[in-house]
>>> print(open('protein37.txt').read())   # compact mmCIF, C-alpha atoms
# COMPACT_ATOMS: atom_id res chain seq x y z
CA MET A 785 10.50 -21.24 7.25
CA PRO A 786 8.62 -19.52 4.39
CA ARG A 787 5.51 -21.28 3.14
CA PRO A 788 4.93 -21.91 -0.57
CA GLY A 789 2.92 -19.11 -2.11
CA GLN A 790 3.82 -16.46 0.44
CA ALA A 791 4.53 -13.00 -0.96
CA TRP A 792 6.96 -10.32 0.12
CA ALA A 793 5.54 -6.86 0.74
CA ILE A 794 7.17 -3.55 -0.11
CA VAL A 795 6.21 -0.57 2.05
CA PRO A 796 7.38 2.82 0.71
CA ALA A 797 7.92 5.09 3.70
CA ALA A 798 10.47 7.70 2.63
CA GLY A 799 7.98 10.58 2.38
CA TYR A 800 7.44 13.40 4.84
CA GLY A 801 3.65 13.75 4.52
CA THR A 802 3.67 17.49 3.80
CA ARG A 803 -0.13 17.61 3.41
CA PHE A 804 -0.52 16.19 6.90
CA GLY A 805 1.41 18.99 8.60
CA GLY A 806 3.57 18.92 11.72
CA GLY A 807 7.24 18.11 12.14
CA LEU A 808 6.87 14.34 12.45
CA PRO A 809 6.36 12.30 9.25
CA LYS A 810 2.81 10.99 9.38
CA GLN A 811 3.87 7.33 9.26
CA TYR A 812 5.38 7.80 12.74
CA VAL A 813 2.40 9.49 14.39
CA GLU A 814 1.22 7.20 17.18
CA VAL A 815 -2.27 5.77 17.54
CA ALA A 816 -3.06 3.31 20.35
CA GLY A 817 0.59 3.25 21.37
CA MET A 818 1.94 2.38 17.92
CA PRO A 819 3.09 4.49 14.96
CA LEU A 820 0.92 4.25 11.86
CA ILE A 821 3.57 2.31 9.98
CA ALA A 822 3.55 -0.32 12.73
CA HIS A 823 -0.20 -0.78 12.29
CA ALA A 824 0.32 -1.19 8.53
CA LEU A 825 3.17 -3.68 8.96
CA GLU A 826 1.29 -5.65 11.61
CA ALA A 827 -1.74 -5.95 9.32
CA LEU A 828 0.47 -7.27 6.50
CA LEU A 829 2.79 -9.55 8.40
CA SER A 830 0.16 -11.17 10.62
CA HIS A 831 -1.45 -12.56 7.45
CA PRO A 832 -0.30 -16.13 6.61
CA GLY A 833 0.10 -15.22 2.93
CA VAL A 834 2.88 -12.68 3.58
CA ARG A 835 6.49 -13.81 3.96
CA GLY A 836 8.25 -10.57 4.99
CA ALA A 837 8.41 -6.83 4.40
CA MET A 838 10.93 -4.52 2.74
CA VAL A 839 10.52 -0.96 4.04
CA ALA A 840 11.94 1.86 1.90
CA LEU A 841 13.02 4.69 4.21
CA SER A 842 14.54 8.10 3.78
CA ALA A 843 18.32 7.79 3.93
CA ASP A 844 18.46 10.14 6.92
CA ASP A 845 15.36 8.84 8.73
CA PRO A 846 15.94 9.33 12.49
CA HIS A 847 12.55 7.91 13.53
CA TRP A 848 12.75 4.28 12.38
CA PRO A 849 12.61 2.13 15.54
CA GLY A 850 14.91 -0.53 14.13
CA TRP A 851 12.43 -3.40 13.89
CA ASP A 852 13.85 -6.48 12.21
CA GLU A 853 10.89 -8.74 12.91
CA ILE A 854 7.13 -8.33 13.32
CA ALA A 855 4.68 -11.18 13.86
CA GLY A 856 7.62 -13.57 13.63
CA LYS A 857 8.50 -12.48 10.08
CA PRO A 858 11.49 -10.52 8.77
CA VAL A 859 11.39 -6.76 8.34
CA LEU A 860 14.19 -5.46 6.10
CA ARG A 861 14.90 -1.89 5.06
CA CYS A 862 16.49 -0.02 2.20
CA ALA A 863 17.02 3.60 1.17
CA GLY A 864 14.01 4.99 -0.66
CA GLY A 865 13.87 7.68 -3.31
CA GLU A 866 12.51 11.15 -3.95
CA SER A 867 9.08 9.89 -5.02
CA ARG A 868 6.84 7.01 -3.99
CA ALA A 869 7.57 5.26 -7.30
CA ASP A 870 11.32 5.63 -6.71
CA SER A 871 10.93 4.07 -3.25
CA VAL A 872 8.92 1.14 -4.59
CA LEU A 873 11.56 0.58 -7.26
CA ALA A 874 14.31 0.67 -4.62
CA GLY A 875 12.36 -1.87 -2.56
CA LEU A 876 11.95 -4.19 -5.53
CA GLN A 877 15.66 -4.07 -6.24
CA ALA A 878 16.56 -4.68 -2.57
CA LEU A 879 14.40 -7.78 -2.08
CA PRO A 880 16.29 -10.95 -1.10
CA GLU A 881 17.77 -12.95 -3.95
CA GLU A 882 15.40 -15.80 -3.14
CA VAL A 883 12.50 -13.72 -4.51
CA ARG A 884 12.28 -14.79 -8.15
CA ALA A 885 11.63 -12.39 -11.01
CA ASP A 886 8.25 -14.00 -11.72
CA GLU A 887 7.06 -14.00 -8.10
CA PHE A 888 4.20 -11.77 -7.05
CA VAL A 889 5.00 -9.00 -4.58
CA LEU A 890 2.68 -6.70 -2.66
CA VAL A 891 3.05 -2.93 -2.40
CA HIS A 892 1.26 -1.27 0.52
CA ASP A 893 1.14 2.33 1.73
CA ALA A 894 2.72 2.95 5.14
CA ALA A 895 -0.17 5.31 5.92
CA ARG A 896 -2.92 2.73 5.31
CA PRO A 897 -3.11 1.17 8.77
CA ASN A 898 -6.56 -0.43 8.57
CA LEU A 899 -6.12 -3.28 6.10
CA ARG A 900 -8.45 -6.25 6.63
CA HIS A 901 -7.13 -9.81 6.39
CA ASP A 902 -10.14 -10.88 4.33
CA ASP A 903 -9.35 -8.24 1.71
CA LEU A 904 -5.67 -9.15 1.62
CA GLY A 905 -6.54 -12.83 1.24
CA ALA A 906 -8.92 -12.09 -1.64
CA LEU A 907 -6.27 -9.95 -3.36
CA LEU A 908 -3.65 -12.69 -3.10
CA GLU A 909 -6.01 -15.39 -4.32
CA ARG A 910 -7.56 -13.53 -7.24
CA GLY A 911 -4.46 -11.56 -8.21
CA ARG A 912 -2.32 -14.66 -8.58
CA ASN A 913 -4.90 -16.10 -10.97
CA ASP A 914 -4.76 -13.03 -13.21
CA PRO A 915 -2.07 -12.79 -15.91
CA VAL A 916 -1.13 -9.26 -14.77
CA GLY A 917 -2.02 -8.97 -11.10
CA ALA A 918 -4.57 -7.01 -9.12
CA ILE A 919 -5.23 -4.10 -6.79
CA LEU A 920 -7.63 -3.53 -3.95
CA ALA A 921 -10.12 -0.83 -4.92
CA ALA A 922 -13.50 0.59 -3.94
CA PRO A 923 -16.31 1.64 -6.30
CA VAL A 924 -17.01 5.37 -6.39
CA ARG A 925 -20.36 5.92 -4.68
CA ASP A 926 -20.52 9.73 -4.50
CA THR A 927 -21.86 11.97 -7.23
CA LEU A 928 -18.91 13.52 -9.07
CA LYS A 929 -18.85 17.15 -10.23
CA ARG A 930 -16.50 18.70 -12.80
CA ALA A 931 -15.34 22.15 -11.69
CA GLY A 932 -14.75 25.15 -13.89
CA ASP A 933 -11.88 27.61 -13.52
CA ASP A 934 -14.12 29.95 -11.51
CA GLY A 935 -15.05 27.25 -9.00
CA GLY A 936 -18.52 26.70 -10.44
CA ILE A 937 -19.88 23.35 -11.57
CA ASP A 938 -19.38 22.63 -15.26
CA GLY A 939 -21.13 19.29 -15.18
CA THR A 940 -21.79 15.97 -13.47
CA GLU A 941 -19.54 13.04 -14.29
CA PRO A 942 -20.95 9.51 -14.57
CA ARG A 943 -19.60 7.40 -11.73
CA GLU A 944 -20.37 4.02 -13.25
CA ARG A 945 -17.18 1.97 -13.74
CA LEU A 946 -15.13 4.40 -11.61
CA TRP A 947 -13.13 2.96 -8.71
CA ARG A 948 -10.83 4.43 -6.05
CA ALA A 949 -7.45 2.70 -6.02
CA LEU A 950 -6.36 1.31 -2.65
CA THR A 951 -3.40 -0.77 -1.55
CA PRO A 952 -1.98 -3.37 -1.39
CA GLN A 953 -1.38 -3.85 -5.09
CA LEU A 954 -0.03 -7.17 -6.36
CA PHE A 955 2.26 -7.63 -9.36
CA ARG A 956 5.16 -9.80 -10.48
CA ARG A 957 8.53 -8.49 -9.36
CA LEU A 958 10.16 -8.13 -12.77
CA GLN A 959 7.10 -6.80 -14.58
CA LEU A 960 6.55 -4.09 -11.97
CA THR A 961 10.24 -3.20 -11.95
CA ARG A 962 10.26 -2.73 -15.72
CA ALA A 963 7.01 -0.74 -15.65
CA LEU A 964 8.30 1.66 -12.99
CA GLU A 965 11.63 2.06 -14.80
CA ALA A 966 9.83 2.84 -18.06
CA ALA A 967 7.68 5.51 -16.39
CA ARG A 968 10.74 7.03 -14.72
CA ASP A 969 12.70 7.11 -17.97
CA ALA A 970 9.73 8.78 -19.72
CA GLY A 971 9.51 11.43 -17.01
CA ILE A 972 6.03 10.27 -15.97
CA ALA A 973 5.10 10.65 -12.30
CA VAL A 974 2.95 7.60 -11.58
CA THR A 975 0.73 7.89 -8.53
CA ASP A 976 0.33 4.16 -7.96
CA ASP A 977 1.86 0.95 -9.23
CA ALA A 978 -1.15 0.02 -11.35
CA MET A 979 -0.68 3.23 -13.35
CA ALA A 980 2.83 2.11 -14.29
CA MET A 981 1.49 -1.27 -15.39
CA GLU A 982 -1.31 0.38 -17.38
CA ARG A 983 1.27 2.43 -19.29
CA GLN A 984 2.72 -0.90 -20.47
CA GLY A 985 -0.63 -1.89 -21.96
CA MET A 986 -1.57 -4.18 -19.08
CA ARG A 987 -4.98 -4.34 -17.38
CA PRO A 988 -4.72 -5.24 -13.68
CA LEU A 989 -7.75 -6.80 -12.01
CA LEU A 990 -9.87 -4.75 -9.59
CA VAL A 991 -10.61 -6.58 -6.34
CA GLU A 992 -13.19 -4.82 -4.18
CA GLY A 993 -11.91 -3.94 -0.74
CA ASP A 994 -13.36 -2.36 2.38
CA GLU A 995 -13.61 1.43 2.24
CA GLU A 996 -12.23 1.53 5.81
CA ASN A 997 -8.83 0.78 4.23
CA PHE A 998 -8.32 4.54 3.91
CA LYS A 999 -5.06 6.45 3.67
CA ILE A 1000 -4.08 8.84 6.44
CA THR A 1001 -3.56 12.13 4.60
CA THR A 1002 -5.01 14.77 6.95
CA PRO A 1003 -5.45 15.13 10.73
CA ALA A 1004 -9.15 14.32 10.19
CA ASP A 1005 -8.14 10.93 8.73
CA LEU A 1006 -6.07 10.30 11.84
CA GLU A 1007 -9.03 11.00 14.09
CA ARG A 1008 -11.12 8.66 11.97
CA PHE A 1009 -8.62 5.86 12.50
CA ARG A 1010 -8.54 6.54 16.25
CA PHE A 1011 -12.33 6.24 16.25
CA VAL A 1012 -12.20 2.95 14.31
CA LEU A 1013 -9.79 1.45 16.85
CA ALA A 1014 -11.85 2.70 19.77
CA GLN A 1015 -14.99 1.15 18.31
CA ARG A 1016 -13.12 -2.09 17.81
CA GLY A 1017 -11.75 -2.01 21.34
CA GLN A 1018 -8.44 -3.09 19.92
CA ASP A 1019 -5.34 -3.49 22.05
CA VAL A 1020 -2.48 -3.59 19.58
CA ARG A 1021 1.22 -4.11 20.13
CA VAL A 1022 4.05 -4.48 17.68
CA GLY A 1023 6.90 -6.93 18.05
CA GLY A 1024 8.15 -10.41 17.28
CA GLY A 1025 6.54 -13.73 18.00
>>> encode(input="protein37.txt", output="structure tokens")
Amino acid sequence: MPRPGQAWAIVPAAGYGTRFGGGLPKQYVEVAGMPLIAHALEALLSHPGVRGAMVALSADDPHWPGWDEIAGKPVLRCAGGESRADSVLAGLQALPEEVRADEFVLVHDAARPNLRHDDLGALLERGRNDPVGAILAAPVRDTLKRAGDDGGIDGTEPRERLWRALTPQLFRRLQLTRALEAARDAGIAVTDDAMAMERQGMRPLLVEGDEENFKITTPADLERFRFVLAQRGQDVRVGGG
């Protein structure tokens, strides 16, 4: 039975990861005997604050293993869209009817397999107490350079108050749906859910998360995640119960 205050999670996974390379979509590349998306789902669904997951897949996805339960919680699926935002919108619309319009929902990247429970707990607690919602993020610590057209440095950008957006991101179902629809109708390609909310004049809360919650974009990122698991000595398996 669902517990009061649990949130559903939407996991957009309809992309092909063209920057990653190879014939297999990156979310299905295996690490420690599990595809990346399984690591991401396990991290979400093993947290007591998460009720279930809606995974938005490509309509012709031949790789989905057919999971309907992970960590004893339901895993549902729907057809995603051409873009990440389209897939999130499809997931929002496909959520069970029991998920009210004013309930908070999480959105998490399928290629972010190293989410910490402490960070997810902080996001749920602080985000629910904000009128808009919240995202996990990390302060920018590197010196930033602005490049010219010729590849030379035009200047140094101040990094104070700059953050890198991570996931999960937490917003109310109806508000996020309307924000994504408005961006779509305006022809704006939003790169994360917070950007859609910002376009509506809203100011989501930044909740600092661990920088190890990185997105697998290149083969080097994949090797980094393999190293993290090896250091942890983690034996991970996906499945019910």
>>> atom_distance(input="protein37.txt", atom1="CA of Ala967 in chain A", atom2="CA of Ala918 in chain A")
19.0 Å
>>> residues_around(input="protein37.txt", residues="Phe1009 in chain A", least_positions_apart="2", cutoff="10 Å", atoms="all atoms listed in the file", output="number ranges by chain")
A: 815-816, 820, 896-898, 996-1000, 1003-1007, 1011-1015
>>> residues_around(input="protein37.txt", residues="range 791-799 of chain A", least_positions_apart="6", cutoff="7 Å", atoms="only C-alpha atoms", output="number ranges by chain")
A: 833-842, 864-865, 868, 871-872, 875, 888-894
>>> write_last_selection(input="protein37.txt", atoms="C-alpha atoms", output="PDB file, keeping the file's coordinate frame")
ATOM      1  CA  GLY A 833       0.100 -15.220   2.930  1.00  0.00           C
ATOM      2  CA  VAL A 834       2.880 -12.680   3.580  1.00  0.00           C
ATOM      3  CA  ARG A 835       6.490 -13.810   3.960  1.00  0.00           C
ATOM      4  CA  GLY A 836       8.250 -10.570   4.990  1.00  0.00           C
ATOM      5  CA  ALA A 837       8.410  -6.830   4.400  1.00  0.00           C
ATOM      6  CA  MET A 838      10.930  -4.520   2.740  1.00  0.00           C
ATOM      7  CA  VAL A 839      10.520  -0.960   4.040  1.00  0.00           C
ATOM      8  CA  ALA A 840      11.940   1.860   1.900  1.00  0.00           C
ATOM      9  CA  LEU A 841      13.020   4.690   4.210  1.00  0.00           C
ATOM     10  CA  SER A 842      14.540   8.100   3.780  1.00  0.00           C
ATOM     11  CA  GLY A 864      14.010   4.990  -0.660  1.00  0.00           C
ATOM     12  CA  GLY A 865      13.870   7.680  -3.310  1.00  0.00           C
ATOM     13  CA  ARG A 868       6.840   7.010  -3.990  1.00  0.00           C
ATOM     14  CA  SER A 871      10.930   4.070  -3.250  1.00  0.00           C
ATOM     15  CA  VAL A 872       8.920   1.140  -4.590  1.00  0.00           C
ATOM     16  CA  GLY A 875      12.360  -1.870  -2.560  1.00  0.00           C
ATOM     17  CA  PHE A 888       4.200 -11.770  -7.050  1.00  0.00           C
ATOM     18  CA  VAL A 889       5.000  -9.000  -4.580  1.00  0.00           C
ATOM     19  CA  LEU A 890       2.680  -6.700  -2.660  1.00  0.00           C
ATOM     20  CA  VAL A 891       3.050  -2.930  -2.400  1.00  0.00           C
ATOM     21  CA  HIS A 892       1.260  -1.270   0.520  1.00  0.00           C
ATOM     22  CA  ASP A 893       1.140   2.330   1.730  1.00  0.00           C
ATOM     23  CA  ALA A 894       2.720   2.950   5.140  1.00  0.00           C
TER      24      ALA A 894
END
>>> atom_distance(input="protein37.txt", atom1="CA of Gly911 in chain A", atom2="CA of Gln953 in chain A")
8.9 Å
>>> atom_distance(input="protein37.txt", atom1="CA of Thr927 in chain A", atom2="CA of Ala906 in chain A")
27.9 Å
>>> residues_around(input="protein37.txt", residues="Val991 in chain A", least_positions_apart="6", cutoff="12 Å", atoms="all atoms listed in the file", output="ChimeraX atom specification")
/A:902-912,914,917-923,947-954
>>> residues_around(input="protein37.txt", residues="Leu928 in chain A", least_positions_apart="6", cutoff="10 Å", atoms="all atoms listed in the file", output="PyMOL selection string")
chain A and resi 939-943
>>> closest_residue(input="protein37.txt", among="A:Gln984, A:Leu879, A:Leu958, A:Lys810", to="Ala970 in chain A", atoms="all atoms listed in the file")
A:Gln984
>>> closest_residue(input="protein37.txt", among="A:Met981, A:Leu899, A:Leu990, A:Val813", to="Arg957 in chain A", atoms="all atoms listed in the file")
A:Met981
>>> closest_residue(input="protein37.txt", among="A:Leu825, A:Val924, A:Cys862, A:Met818", to="Leu946 in chain A", atoms="only C-alpha atoms")
A:Val924
>>> closest_residue(input="protein37.txt", among="A:Gly932, A:Leu873, A:Ser867, A:Arg987", to="Ala963 in chain A", atoms="only C-alpha atoms")
A:Leu873
>>> closest_residue(input="protein37.txt", among="A:Ala869, A:Ala931, A:Phe955, A:Thr1002", to="Ile972 in chain A", atoms="all atoms listed in the file")
A:Ala869
>>> build_atoms(input="protein37.txt", residues="range 878-897 of chain A", atoms="N, CA, C and O atoms", output="CSV table (one decimal), in the coordinates of the input")
chain,number,residue,atom,x,y,z
A,878,ALA,N,15.9,-4.3,-3.8
A,878,ALA,CA,16.6,-4.7,-2.6
A,878,ALA,C,16.0,-6.0,-2.0
A,878,ALA,O,16.5,-6.5,-1.0
A,879,LEU,N,15.0,-6.5,-2.6
A,879,LEU,CA,14.4,-7.8,-2.1
A,879,LEU,C,15.5,-8.9,-2.1
A,879,LEU,O,16.4,-8.9,-2.9
A,880,PRO,N,15.3,-9.8,-1.1
A,880,PRO,CA,16.3,-11.0,-1.1
A,880,PRO,C,16.4,-11.7,-2.4
A,880,PRO,O,15.4,-11.7,-3.2
A,881,GLU,N,17.5,-12.2,-2.7
A,881,GLU,CA,17.8,-13.0,-4.0
A,881,GLU,C,16.8,-14.1,-4.1
A,881,GLU,O,16.5,-14.5,-5.3
A,882,GLU,N,16.3,-14.7,-3.0
A,882,GLU,CA,15.4,-15.8,-3.1
A,882,GLU,C,14.1,-15.4,-3.8
A,882,GLU,O,13.3,-16.3,-4.3
A,883,VAL,N,13.8,-14.2,-3.9
A,883,VAL,CA,12.5,-13.7,-4.5
A,883,VAL,C,12.7,-13.7,-6.0
A,883,VAL,O,13.4,-12.9,-6.6
A,884,ARG,N,12.1,-14.6,-6.7
A,884,ARG,CA,12.3,-14.8,-8.2
A,884,ARG,C,11.7,-13.6,-8.9
A,884,ARG,O,10.8,-13.0,-8.5
A,885,ALA,N,12.1,-13.5,-10.2
A,885,ALA,CA,11.6,-12.4,-11.0
A,885,ALA,C,10.1,-12.5,-11.3
A,885,ALA,O,9.4,-11.5,-11.5
A,886,ASP,N,9.6,-13.8,-11.4
A,886,ASP,CA,8.2,-14.0,-11.7
A,886,ASP,C,7.3,-14.1,-10.5
A,886,ASP,O,6.1,-14.4,-10.6
A,887,GLU,N,7.9,-13.9,-9.3
A,887,GLU,CA,7.1,-14.0,-8.1
A,887,GLU,C,6.2,-12.7,-7.9
A,887,GLU,O,6.7,-11.6,-8.2
A,888,PHE,N,5.0,-12.9,-7.4
A,888,PHE,CA,4.2,-11.8,-7.0
A,888,PHE,C,4.7,-11.1,-5.8
A,888,PHE,O,5.1,-11.8,-4.8
A,889,VAL,N,4.7,-9.8,-5.8
A,889,VAL,CA,5.0,-9.0,-4.6
A,889,VAL,C,3.9,-8.0,-4.3
A,889,VAL,O,3.2,-7.5,-5.3
A,890,LEU,N,3.7,-7.7,-3.1
A,890,LEU,CA,2.7,-6.7,-2.7
A,890,LEU,C,3.3,-5.3,-2.5
A,890,LEU,O,4.5,-5.3,-2.0
A,891,VAL,N,2.6,-4.3,-2.7
A,891,VAL,CA,3.0,-2.9,-2.4
A,891,VAL,C,1.9,-2.3,-1.6
A,891,VAL,O,0.8,-2.3,-2.0
A,892,HIS,N,2.3,-1.8,-0.4
A,892,HIS,CA,1.3,-1.3,0.5
A,892,HIS,C,1.7,0.0,1.1
A,892,HIS,O,2.9,0.2,1.5
A,893,ASP,N,0.8,1.0,1.2
A,893,ASP,CA,1.1,2.3,1.7
A,893,ASP,C,1.4,2.2,3.2
A,893,ASP,O,0.6,1.6,4.0
A,894,ALA,N,2.4,2.9,3.7
A,894,ALA,CA,2.7,3.0,5.1
A,894,ALA,C,1.6,3.7,5.9
A,894,ALA,O,1.5,3.4,7.1
A,895,ALA,N,0.9,4.5,5.3
A,895,ALA,CA,-0.2,5.3,5.9
A,895,ALA,C,-1.6,4.7,5.7
A,895,ALA,O,-2.6,5.4,5.8
A,896,ARG,N,-1.6,3.4,5.3
A,896,ARG,CA,-2.9,2.7,5.3
A,896,ARG,C,-2.9,1.7,6.4
A,896,ARG,O,-2.5,0.5,6.2
A,897,PRO,N,-3.3,2.1,7.6
A,897,PRO,CA,-3.1,1.2,8.8
A,897,PRO,C,-4.3,0.2,9.0
A,897,PRO,O,-4.2,-0.6,10.0
